[in-house]
>>> print(open('protein_29.pdb').read())   # PDB, C-alpha atoms, pLDDT in the B column
ATOM      1  CA  MET C   1      72.523  88.896 124.215  1.00 81.00           C
ATOM      2  CA  SER C   2      74.785  85.949 123.448  1.00 89.00           C
ATOM      3  CA  ARG C   3      78.385  86.590 122.475  1.00 91.00           C
ATOM      4  CA  ILE C   4      77.655  85.387 118.944  1.00 94.00           C
ATOM      5  CA  ASP C   5      74.749  87.840 118.621  1.00 95.00           C
ATOM      6  CA  ALA C   6      76.992  90.621 119.884  1.00 95.00           C
ATOM      7  CA  ILE C   7      79.618  89.776 117.252  1.00 96.00           C
ATOM      8  CA  ARG C   8      76.965  89.545 114.551  1.00 97.00           C
ATOM      9  CA  GLN C   9      75.562  92.929 115.503  1.00 97.00           C
ATOM     10  CA  ARG C  10      78.989  94.627 115.352  1.00 97.00           C
ATOM     11  CA  LEU C  11      79.868  93.089 111.998  1.00 98.00           C
ATOM     12  CA  ALA C  12      76.608  94.259 110.389  1.00 97.00           C
ATOM     13  CA  ILE C  13      78.410  97.497 109.532  1.00 97.00           C
ATOM     14  CA  LEU C  14      80.467  95.556 106.939  1.00 97.00           C
ATOM     15  CA  GLU C  15      77.188  94.521 105.241  1.00 97.00           C
ATOM     16  CA  PRO C  16      78.061  90.836 105.086  1.00 97.00           C
ATOM     17  CA  LEU C  17      76.434  88.680 102.403  1.00 97.00           C
ATOM     18  CA  LEU C  18      77.296  85.656 104.490  1.00 97.00           C
ATOM     19  CA  LEU C  19      78.337  85.477 108.113  1.00 97.00           C
ATOM     20  CA  GLU C  20      79.083  82.277 109.976  1.00 97.00           C
ATOM     21  CA  ILE C  21      80.308  82.364 113.542  1.00 97.00           C
ATOM     22  CA  GLU C  22      81.246  79.242 115.432  1.00 95.00           C
ATOM     23  CA  ASP C  23      81.904  79.283 119.135  1.00 93.00           C
ATOM     24  CA  GLU C  24      84.845  76.970 119.748  1.00 90.00           C
ATOM     25  CA  SER C  25      85.330  78.019 123.358  1.00 86.00           C
ATOM     26  CA  ALA C  26      84.492  74.563 124.654  1.00 79.00           C
ATOM     27  CA  LEU C  27      87.528  73.181 122.807  1.00 75.00           C
ATOM     28  CA  HIS C  28      89.757  75.509 124.775  1.00 70.00           C
ATOM     29  CA  ALA C  29      88.180  75.285 128.214  1.00 67.00           C
ATOM     30  CA  GLY C  30      90.829  75.090 130.903  1.00 66.00           C
ATOM     31  CA  HIS C  31      93.522  76.713 128.774  1.00 65.00           C
ATOM     32  CA  ALA C  32      95.006  79.870 130.262  1.00 60.00           C
ATOM     33  CA  GLY C  33      93.364  82.311 127.855  1.00 56.00           C
ATOM     34  CA  ALA C  34      89.915  80.867 128.462  1.00 54.00           C
ATOM     35  CA  ARG C  35      90.061  81.722 132.158  1.00 61.00           C
ATOM     36  CA  SER C  36      89.781  85.453 131.468  1.00 64.00           C
ATOM     37  CA  GLY C  37      86.271  84.825 130.155  1.00 68.00           C
ATOM     38  CA  GLY C  38      87.081  85.586 126.513  1.00 78.00           C
ATOM     39  CA  GLY C  39      85.842  83.042 123.992  1.00 89.00           C
ATOM     40  CA  HIS C  40      87.433  81.344 120.993  1.00 91.00           C
ATOM     41  CA  PHE C  41      85.505  81.952 117.777  1.00 95.00           C
ATOM     42  CA  ARG C  42      85.812  81.007 114.127  1.00 95.00           C
ATOM     43  CA  LEU C  43      84.432  83.450 111.616  1.00 96.00           C
ATOM     44  CA  THR C  44      83.638  83.166 107.913  1.00 97.00           C
ATOM     45  CA  ILE C  45      82.502  86.420 106.393  1.00 97.00           C
ATOM     46  CA  VAL C  46      81.707  87.298 102.787  1.00 97.00           C
ATOM     47  CA  ALA C  47      81.350  90.995 101.987  1.00 97.00           C
ATOM     48  CA  ASP C  48      81.892  93.244  98.991  1.00 96.00           C
ATOM     49  CA  CYS C  49      83.758  95.832 101.044  1.00 97.00           C
ATOM     50  CA  PHE C  50      86.753  93.448 101.078  1.00 97.00           C
ATOM     51  CA  SER C  51      87.340  93.740  97.361  1.00 96.00           C
ATOM     52  CA  GLY C  52      90.644  95.371  96.454  1.00 96.00           C
ATOM     53  CA  ARG C  53      91.972  94.921  99.998  1.00 95.00           C
ATOM     54  CA  ASN C  54      94.594  92.454 101.144  1.00 93.00           C
ATOM     55  CA  THR C  55      94.049  90.031 103.991  1.00 92.00           C
ATOM     56  CA  VAL C  56      95.696  92.202 106.644  1.00 93.00           C
ATOM     57  CA  ALA C  57      93.422  95.115 105.701  1.00 95.00           C
ATOM     58  CA  ARG C  58      90.346  92.857 105.774  1.00 96.00           C
ATOM     59  CA  HIS C  59      91.187  91.505 109.206  1.00 96.00           C
ATOM     60  CA  ARG C  60      91.778  95.045 110.476  1.00 95.00           C
ATOM     61  CA  MET C  61      88.320  96.077 109.205  1.00 96.00           C
ATOM     62  CA  ILE C  62      86.833  93.208 111.184  1.00 97.00           C
ATOM     63  CA  TYR C  63      88.819  94.031 114.320  1.00 96.00           C
ATOM     64  CA  ASP C  64      87.803  97.697 114.027  1.00 95.00           C
ATOM     65  CA  ALA C  65      84.138  96.749 113.697  1.00 97.00           C
ATOM     66  CA  LEU C  66      84.364  94.475 116.739  1.00 96.00           C
ATOM     67  CA  GLY C  67      85.915  97.272 118.806  1.00 94.00           C
ATOM     68  CA  GLU C  68      86.160  96.548 122.519  1.00 92.00           C
ATOM     69  CA  LEU C  69      84.681  93.059 122.080  1.00 93.00           C
ATOM     70  CA  MET C  70      88.220  92.059 121.036  1.00 92.00           C
ATOM     71  CA  ARG C  71      89.443  93.010 124.504  1.00 88.00           C
ATOM     72  CA  THR C  72      86.536  91.666 126.505  1.00 88.00           C
ATOM     73  CA  ASN C  73      84.439  88.865 125.025  1.00 89.00           C
ATOM     74  CA  ILE C  74      86.842  87.554 122.413  1.00 92.00           C
ATOM     75  CA  HIS C  75      90.129  85.915 123.313  1.00 90.00           C
ATOM     76  CA  ALA C  76      90.849  84.349 119.938  1.00 90.00           C
ATOM     77  CA  LEU C  77      89.306  84.737 116.514  1.00 94.00           C
ATOM     78  CA  ALA C  78      90.073  82.692 113.414  1.00 94.00           C
ATOM     79  CA  ILE C  79      89.034  84.640 110.325  1.00 96.00           C
ATOM     80  CA  ARG C  80      88.203  83.810 106.710  1.00 95.00           C
ATOM     81  CA  ALA C  81      87.247  87.030 104.954  1.00 96.00           C
ATOM     82  CA  LEU C  82      86.231  86.765 101.303  1.00 96.00           C
ATOM     83  CA  THR C  83      84.557  88.802  98.589  1.00 96.00           C
ATOM     84  CA  ALA C  84      81.509  87.325  96.867  1.00 94.00           C
ATOM     85  CA  ASP C  85      83.630  86.357  93.837  1.00 93.00           C
ATOM     86  CA  GLU C  86      86.287  84.637  95.939  1.00 93.00           C
ATOM     87  CA  ALA C  87      83.616  82.773  97.889  1.00 92.00           C
ATOM     88  CA  LYS C  88      82.139  81.439  94.617  1.00 88.00           C
ATOM     89  CA  LEU C  89      85.593  80.338  93.490  1.00 77.00           C
ATOM     90  CA  SER C  90      86.339  78.518  96.706  1.00 73.00           C
ATOM     91  CA  THR C  91      82.984  76.702  96.561  1.00 67.00           C
ATOM     92  CA  THR C  92      83.608  75.601  92.983  1.00 66.00           C
ATOM     93  CA  ARG C  93      87.045  74.381  93.940  1.00 60.00           C
ATOM     94  CA  LYS C  94      85.579  72.304  96.727  1.00 56.00           C
ATOM     95  CA  GLU C  95      83.059  70.696  94.368  1.00 53.00           C
ATOM     96  CA  THR C  96      85.534  69.734  91.667  1.00 48.00           C
TER      97      THR C  96
ATOM     98  CA  MET L   1     112.736 104.546 126.076  1.00 84.00           C
ATOM     99  CA  ASN L   2     109.027 103.778 126.059  1.00 94.00           C
ATOM    100  CA  ILE L   3     107.637 100.390 125.157  1.00 95.00           C
ATOM    101  CA  GLN L   4     106.718 101.411 121.599  1.00 96.00           C
ATOM    102  CA  ASP L   5     110.355 102.408 120.978  1.00 96.00           C
ATOM    103  CA  VAL L   6     111.544  99.113 122.428  1.00 96.00           C
ATOM    104  CA  ILE L   7     109.200  97.225 120.093  1.00 97.00           C
ATOM    105  CA  ARG L   8     110.182  99.346 117.096  1.00 96.00           C
ATOM    106  CA  GLU L   9     113.822  98.372 117.671  1.00 96.00           C
ATOM    107  CA  GLN L  10     112.935  94.760 118.346  1.00 96.00           C
ATOM    108  CA  VAL L  11     110.951  94.169 115.140  1.00 96.00           C
ATOM    109  CA  SER L  12     113.889  95.321 113.025  1.00 94.00           C
ATOM    110  CA  SER L  13     116.571  93.552 115.051  1.00 95.00           C
ATOM    111  CA  ALA L  14     116.327  90.378 112.929  1.00 95.00           C
ATOM    112  CA  PRO L  15     114.874  89.443 109.534  1.00 96.00           C
ATOM    113  CA  VAL L  16     112.224  87.190 111.121  1.00 97.00           C
ATOM    114  CA  VAL L  17     110.682  88.296 114.409  1.00 98.00           C
ATOM    115  CA  LEU L  18     107.789  86.406 115.970  1.00 98.00           C
ATOM    116  CA  TYR L  19     105.744  87.610 118.943  1.00 98.00           C
ATOM    117  CA  MET L  20     104.206  84.529 120.444  1.00 98.00           C
ATOM    118  CA  LYS L  21     102.953  82.850 123.592  1.00 96.00           C
ATOM    119  CA  GLY L  22     105.664  80.505 124.772  1.00 97.00           C
ATOM    120  CA  THR L  23     108.716  79.665 122.674  1.00 97.00           C
ATOM    121  CA  PRO L  24     109.098  77.897 119.300  1.00 96.00           C
ATOM    122  CA  GLN L  25     110.214  74.809 121.265  1.00 95.00           C
ATOM    123  CA  PHE L  26     107.436  75.091 123.878  1.00 96.00           C
ATOM    124  CA  PRO L  27     104.569  77.110 122.440  1.00 96.00           C
ATOM    125  CA  GLN L  28     101.766  77.802 124.924  1.00 94.00           C
ATOM    126  CA  CYS L  29      98.990  78.558 122.452  1.00 92.00           C
ATOM    127  CA  GLY L  30      97.781  76.673 119.385  1.00 93.00           C
ATOM    128  CA  PHE L  31      97.935  79.708 117.094  1.00 95.00           C
ATOM    129  CA  SER L  32     101.507  80.520 118.149  1.00 97.00           C
ATOM    130  CA  ALA L  33     102.453  76.870 117.677  1.00 97.00           C
ATOM    131  CA  THR L  34     101.071  76.895 114.120  1.00 97.00           C
ATOM    132  CA  VAL L  35     103.105  79.916 113.058  1.00 98.00           C
ATOM    133  CA  ALA L  36     106.309  78.564 114.605  1.00 97.00           C
ATOM    134  CA  GLN L  37     105.681  75.230 112.873  1.00 97.00           C
ATOM    135  CA  ILE L  38     105.087  76.882 109.485  1.00 98.00           C
ATOM    136  CA  LEU L  39     108.330  78.850 109.769  1.00 97.00           C
ATOM    137  CA  LYS L  40     110.140  75.630 110.578  1.00 96.00           C
ATOM    138  CA  HIS L  41     108.576  73.972 107.511  1.00 95.00           C
ATOM    139  CA  CYS L  42     109.864  76.868 105.431  1.00 95.00           C
ATOM    140  CA  GLY L  43     113.357  76.029 106.639  1.00 94.00           C
ATOM    141  CA  VAL L  44     113.699  79.085 108.857  1.00 95.00           C
ATOM    142  CA  THR L  45     116.118  78.336 111.662  1.00 92.00           C
ATOM    143  CA  LYS L  46     116.875  81.901 112.693  1.00 92.00           C
ATOM    144  CA  ILE L  47     113.755  83.184 114.380  1.00 94.00           C
ATOM    145  CA  PHE L  48     113.905  86.008 116.860  1.00 97.00           C
ATOM    146  CA  ALA L  49     111.009  84.889 119.049  1.00 97.00           C
ATOM    147  CA  VAL L  50     109.583  87.110 121.771  1.00 98.00           C
ATOM    148  CA  ASN L  51     107.582  85.306 124.447  1.00 98.00           C
ATOM    149  CA  VAL L  52     104.890  87.836 125.360  1.00 97.00           C
ATOM    150  CA  LEU L  53     103.891  85.806 128.421  1.00 96.00           C
ATOM    151  CA  GLU L  54     107.180  86.916 129.990  1.00 97.00           C
ATOM    152  CA  ASN L  55     106.541  90.619 129.549  1.00 96.00           C
ATOM    153  CA  ASP L  56     103.122  92.139 129.990  1.00 96.00           C
ATOM    154  CA  ALA L  57     104.201  95.567 128.687  1.00 97.00           C
ATOM    155  CA  ILE L  58     105.240  93.986 125.398  1.00 97.00           C
ATOM    156  CA  ARG L  59     102.155  91.782 125.337  1.00 96.00           C
ATOM    157  CA  GLN L  60      99.909  94.865 125.431  1.00 95.00           C
ATOM    158  CA  GLY L  61     102.294  97.167 123.554  1.00 97.00           C
ATOM    159  CA  ILE L  62     102.622  94.951 120.492  1.00 97.00           C
ATOM    160  CA  LYS L  63      98.846  95.076 119.975  1.00 95.00           C
ATOM    161  CA  GLU L  64      99.011  98.864 119.749  1.00 94.00           C
ATOM    162  CA  PHE L  65     102.188  98.834 117.704  1.00 96.00           C
ATOM    163  CA  ALA L  66     100.662  96.897 114.813  1.00 94.00           C
ATOM    164  CA  ASN L  67      97.085  98.011 115.471  1.00 92.00           C
ATOM    165  CA  TRP L  68      96.397  94.297 115.666  1.00 95.00           C
ATOM    166  CA  PRO L  69      94.595  92.906 118.710  1.00 94.00           C
ATOM    167  CA  THR L  70      95.867  89.345 118.778  1.00 95.00           C
ATOM    168  CA  ILE L  71      99.034  87.286 119.196  1.00 96.00           C
ATOM    169  CA  PRO L  72     100.946  85.712 117.408  1.00 97.00           C
ATOM    170  CA  GLN L  73     102.298  88.450 115.174  1.00 98.00           C
ATOM    171  CA  LEU L  74     104.949  87.826 112.540  1.00 98.00           C
ATOM    172  CA  TYR L  75     107.342  90.503 111.274  1.00 98.00           C
ATOM    173  CA  ILE L  76     109.621  90.045 108.273  1.00 96.00           C
ATOM    174  CA  ASN L  77     112.271  92.702 107.650  1.00 94.00           C
ATOM    175  CA  GLY L  78     110.590  94.900 110.233  1.00 94.00           C
ATOM    176  CA  GLU L  79     107.228  94.787 108.446  1.00 93.00           C
ATOM    177  CA  PHE L  80     104.102  93.355 110.049  1.00 96.00           C
ATOM    178  CA  VAL L  81     103.023  90.307 108.021  1.00 96.00           C
ATOM    179  CA  GLY L  82     100.034  89.025 109.955  1.00 96.00           C
ATOM    180  CA  GLY L  83      98.690  86.618 112.518  1.00 96.00           C
ATOM    181  CA  CYS L  84      98.070  82.888 112.318  1.00 96.00           C
ATOM    182  CA  ASP L  85      95.358  82.825 109.609  1.00 95.00           C
ATOM    183  CA  ILE L  86      97.303  85.129 107.311  1.00 96.00           C
ATOM    184  CA  VAL L  87     100.608  83.323 107.767  1.00 97.00           C
ATOM    185  CA  ARG L  88      98.891  80.013 107.033  1.00 96.00           C
ATOM    186  CA  GLU L  89      97.204  81.444 103.937  1.00 94.00           C
ATOM    187  CA  MET L  90     100.505  82.890 102.682  1.00 94.00           C
ATOM    188  CA  TYR L  91     102.234  79.570 103.318  1.00 97.00           C
ATOM    189  CA  GLU L  92      99.546  77.678 101.369  1.00 95.00           C
ATOM    190  CA  ASN L  93      99.780  79.981  98.355  1.00 92.00           C
ATOM    191  CA  GLY L  94     103.585  80.152  98.438  1.00 94.00           C
ATOM    192  CA  GLU L  95     103.820  83.872  99.194  1.00 92.00           C
ATOM    193  CA  LEU L  96     105.543  83.301 102.520  1.00 95.00           C
ATOM    194  CA  GLN L  97     108.237  81.066 101.040  1.00 94.00           C
ATOM    195  CA  GLN L  98     108.874  83.779  98.454  1.00 92.00           C
ATOM    196  CA  MET L  99     109.256  86.463 101.137  1.00 91.00           C
ATOM    197  CA  LEU L 100     111.661  84.262 103.083  1.00 94.00           C
ATOM    198  CA  ALA L 101     113.685  83.109 100.071  1.00 90.00           C
ATOM    199  CA  ASP L 102     115.825  86.222  99.829  1.00 82.00           C
ATOM    200  CA  LEU L 103     116.634  86.364 103.534  1.00 86.00           C
ATOM    201  CA  ASP L 104     119.543  84.840 105.377  1.00 79.00           C
ATOM    202  CA  VAL L 105     117.419  82.853 107.824  1.00 82.00           C
ATOM    203  CA  GLN L 106     117.832  79.221 106.774  1.00 76.00           C
TER     204      GLN L 106
END
>>> encode(input="protein_29.pdb", output="structure tokens")
Amino acid sequence: MSRIDAIRQRLAILEPLLLEIEDESALHAGHAGARSGGGHFRLTIVADCFSGRNTVARHRMIYDALGELMRTNIHALAIRALTADEAKLSTTRKET
Amino acid sequence: MNIQDVIREQVSSAPVVLYMKGTPQFPQCGFSATVAQILKHCGVTKIFAVNVLENDAIRQGIKEFANWPTIPQLYINGEFVGGCDIVREMYENGELQQMLADLDVQ
């Protein structure tokens, strides 16, 4: 299973409406953190379970779902965690 | 004193405490560099920066302390604020500047 599939599988518990994972490890090849084998990923996730929670709480939910992947396969993770309503807003803003 | 006690004292030892890789002058990680840069943009000159690359016990201990698996970690008035994405988001919507406004850190 690829690292992205592994991440996707773990995050299924948050019932994401949208989940985009980009592997940016190649951009960081050679940098000290990359040597341990952990990858650099960028994550956009839209899920209703984020509603009423601040960003710290949302990120913690994601880290909890990822469990030991955070210590093994993932060295760095950039996160955008939105509710469906916020995702609609940010798309509209981009269009206007 | 165990490492969690050391960290507990450290995070409250200054209004702005940043756990990072490298130093604000010579950051050794892009995410750490971003947070240091944002604080500078906010006019913060008094940062208590802890270089986790110099102390492995703190590097691991800080992850447990905040229940947060990554570095950098920013603390304001002893409270965990967030990592790079959150600090950037709070800077973009002005929340960070507001938090820093009342502190003697300029």
>>> residues_around(input="protein_29.pdb", residues="range 39-41 of chain C", least_positions_apart="2", cutoff="7 Å", atoms="all atoms listed in the file", output="PyMOL selection string")
chain C and resi 21-25+34+37+43+73-78
>>> interface_residues(input="protein_29.pdb", of="chain C", to="chain L", cutoff="8 Å", atoms="all atoms listed in the file", output="JSON, numbers by chain")
{"C": [55, 56, 60, 63, 70, 71, 76, 78, 79, 80]}
>>> write_last_selection(input="protein_29.pdb", atoms="C-alpha atoms", output="tab-separated table (two decimals), keeping the file's coordinate frame")
chain	number	residue	atom	x	y	z
C	55	THR	CA	94.05	90.03	103.99
C	56	VAL	CA	95.70	92.20	106.64
C	60	ARG	CA	91.78	95.04	110.48
C	63	TYR	CA	88.82	94.03	114.32
C	70	MET	CA	88.22	92.06	121.04
C	71	ARG	CA	89.44	93.01	124.50
C	76	ALA	CA	90.85	84.35	119.94
C	78	ALA	CA	90.07	82.69	113.41
C	79	ILE	CA	89.03	84.64	110.32
C	80	ARG	CA	88.20	83.81	106.71
>>> atom_distance(input="protein_29.pdb", atom1="CA of Thr44 in chain C", atom2="CA of Gln37 in chain L")
23.9 Å
>>> resolve_selection(input="protein_29.pdb", expression="the PyMOL selection byres ((chain C and resi 49) around 12)", output="list in words")
Leu11, Ala12, Ile13, Leu14, Glu15, Pro16, Leu17, Ile45, Val46, Ala47, Asp48, Phe50, Ser51, Gly52, Arg53, Asn54, Ala57, Arg58, His59, Met61, Ile62, Ala81, Leu82, Thr83, Ala84 and Asp85 of chain C
>>> residues_around(input="protein_29.pdb", residues="Glu54 in chain L", least_positions_apart="6", cutoff="12 Å", atoms="only C-alpha atoms", output="VMD selection string")
chain L and resid 19 to 23 28 60
>>> write_last_selection(input="protein_29.pdb", atoms="C-alpha atoms", output="PDB file, in the coordinates of the input")
ATOM      1  CA  TYR L  19     105.744  87.610 118.943  1.00 98.00           C
ATOM      2  CA  MET L  20     104.206  84.529 120.444  1.00 98.00           C
ATOM      3  CA  LYS L  21     102.953  82.850 123.592  1.00 96.00           C
ATOM      4  CA  GLY L  22     105.664  80.505 124.772  1.00 97.00           C
ATOM      5  CA  THR L  23     108.716  79.665 122.674  1.00 97.00           C
ATOM      6  CA  GLN L  28     101.766  77.802 124.924  1.00 94.00           C
ATOM      7  CA  GLN L  60      99.909  94.865 125.431  1.00 95.00           C
TER       8      GLN L  60
END
>>> resolve_selection(input="protein_29.pdb", expression="the PyMOL selection byres ((chain L and resi 61) around 12)", output="number ranges by chain")
L: 2-8, 19, 52, 55-60, 62-71
>>> closest_residue(input="protein_29.pdb", among="L:Ala36, L:Val11, L:Leu18, L:Cys42", to="Glu92 in chain L", atoms="only C-alpha atoms")
L:Cys42
>>> residues_around(input="protein_29.pdb", residues="Lys40 in chain L", least_positions_apart="2", cutoff="12 Å", atoms="only C-alpha atoms", output="compact mmCIF listing (two decimals) with C-alpha atoms, in the frame of the given file")
# COMPACT_ATOMS: atom_id res chain seq x y z
CA VAL L 16 112.22 87.19 111.12
CA PRO L 24 109.10 77.90 119.30
CA GLN L 25 110.21 74.81 121.26
CA ALA L 33 102.45 76.87 117.68
CA THR L 34 101.07 76.90 114.12
CA VAL L 35 103.10 79.92 113.06
CA ALA L 36 106.31 78.56 114.60
CA GLN L 37 105.68 75.23 112.87
CA ILE L 38 105.09 76.88 109.48
CA CYS L 42 109.86 76.87 105.43
CA GLY L 43 113.36 76.03 106.64
CA VAL L 44 113.70 79.08 108.86
CA THR L 45 116.12 78.34 111.66
CA LYS L 46 116.88 81.90 112.69
CA ILE L 47 113.76 83.18 114.38
CA TYR L 91 102.23 79.57 103.32
CA GLN L 97 108.24 81.07 101.04
CA LEU L 100 111.66 84.26 103.08
CA VAL L 105 117.42 82.85 107.82
CA GLN L 106 117.83 79.22 106.77
>>> closest_residue(input="protein_29.pdb", among="L:His41, L:Pro15, L:Asn51, L:Met1", to="Leu103 in chain L", atoms="only C-alpha atoms")
L:Pro15
>>> atom_distance(input="protein_29.pdb", atom1="CA of Arg10 in chain C", atom2="CA of Ala26 in chain C")
22.8 Å
>>> atom_distance(input="protein_29.pdb", atom1="CA of Asp102 in chain L", atom2="CA of Ser32 in chain L")
23.9 Å
>>> decode(input="protein_29.pdb", residues="range 61-69 of chain C", atoms="all heavy atoms", output="CSV table (one decimal), in the first residue's frame")
chain,number,residue,atom,x,y,z
C,61,MET,N,-7.7,16.1,15.6
C,61,MET,CA,-8.5,15.0,15.2
C,61,MET,C,-7.8,14.2,14.0
C,61,MET,O,-7.8,13.0,14.0
C,61,MET,CB,-9.9,15.5,14.6
C,61,MET,CG,-10.8,16.0,15.7
C,61,MET,SD,-12.1,17.1,15.1
C,61,MET,CE,-13.2,15.8,14.4
C,62,ILE,N,-7.2,15.0,13.2
C,62,ILE,CA,-6.4,14.4,12.0
C,62,ILE,C,-5.2,13.6,12.6
C,62,ILE,O,-5.0,12.4,12.2
C,62,ILE,CB,-6.0,15.5,11.0
C,62,ILE,CG1,-7.3,16.0,10.4
C,62,ILE,CG2,-5.1,14.9,10.0
C,62,ILE,CD1,-7.1,17.3,9.6
C,63,TYR,N,-4.5,14.2,13.5
C,63,TYR,CA,-3.3,13.5,14.0
C,63,TYR,C,-3.7,12.2,14.7
C,63,TYR,O,-3.0,11.2,14.6
C,63,TYR,CB,-2.5,14.4,15.0
C,63,TYR,CG,-1.9,15.6,14.3
C,63,TYR,CD1,-1.9,16.9,14.9
C,63,TYR,CD2,-1.2,15.5,13.1
C,63,TYR,CE1,-1.3,18.0,14.3
C,63,TYR,CE2,-0.6,16.6,12.5
C,63,TYR,CZ,-0.6,17.8,13.1
C,63,TYR,OH,0.0,18.9,12.5
C,64,ASP,N,-4.8,12.3,15.5
C,64,ASP,CA,-5.3,11.1,16.2
C,64,ASP,C,-5.6,10.0,15.2
C,64,ASP,O,-5.3,8.9,15.4
C,64,ASP,CB,-6.5,11.5,17.1
C,64,ASP,CG,-6.1,12.2,18.3
C,64,ASP,OD1,-4.9,12.2,18.7
C,64,ASP,OD2,-7.0,12.8,19.0
C,65,ALA,N,-6.3,10.4,14.2
C,65,ALA,CA,-6.7,9.4,13.2
C,65,ALA,C,-5.5,8.8,12.5
C,65,ALA,O,-5.5,7.6,12.2
C,65,ALA,CB,-7.7,10.0,12.1
C,66,LEU,N,-4.5,9.6,12.3
C,66,LEU,CA,-3.3,9.0,11.6
C,66,LEU,C,-2.5,8.2,12.5
C,66,LEU,O,-1.7,7.3,12.1
C,66,LEU,CB,-2.4,10.2,11.1
C,66,LEU,CG,-3.1,11.0,9.9
C,66,LEU,CD1,-2.3,12.2,9.6
C,66,LEU,CD2,-3.2,10.1,8.7
C,67,GLY,N,-2.6,8.4,13.8
C,67,GLY,CA,-1.9,7.5,14.8
C,67,GLY,C,-0.4,7.4,14.5
C,67,GLY,O,0.2,8.4,14.4
C,68,GLU,N,0.1,6.1,14.5
C,68,GLU,CA,1.5,6.0,14.5
C,68,GLU,C,2.1,6.4,13.1
C,68,GLU,O,3.3,6.5,13.0
C,68,GLU,CB,1.9,4.6,14.9
C,68,GLU,CG,2.1,3.5,13.8
C,68,GLU,CD,0.8,2.9,13.4
C,68,GLU,OE1,-0.2,3.2,14.0
C,68,GLU,OE2,0.8,2.2,12.4
C,69,LEU,N,1.3,6.6,12.1
C,69,LEU,CA,1.8,7.0,10.8
C,69,LEU,C,2.6,8.4,11.0
C,69,LEU,O,3.5,8.6,10.3
C,69,LEU,CB,0.7,7.3,9.8
C,69,LEU,CG,0.0,6.1,9.2
C,69,LEU,CD1,-1.0,6.6,8.1
C,69,LEU,CD2,1.0,5.1,8.5
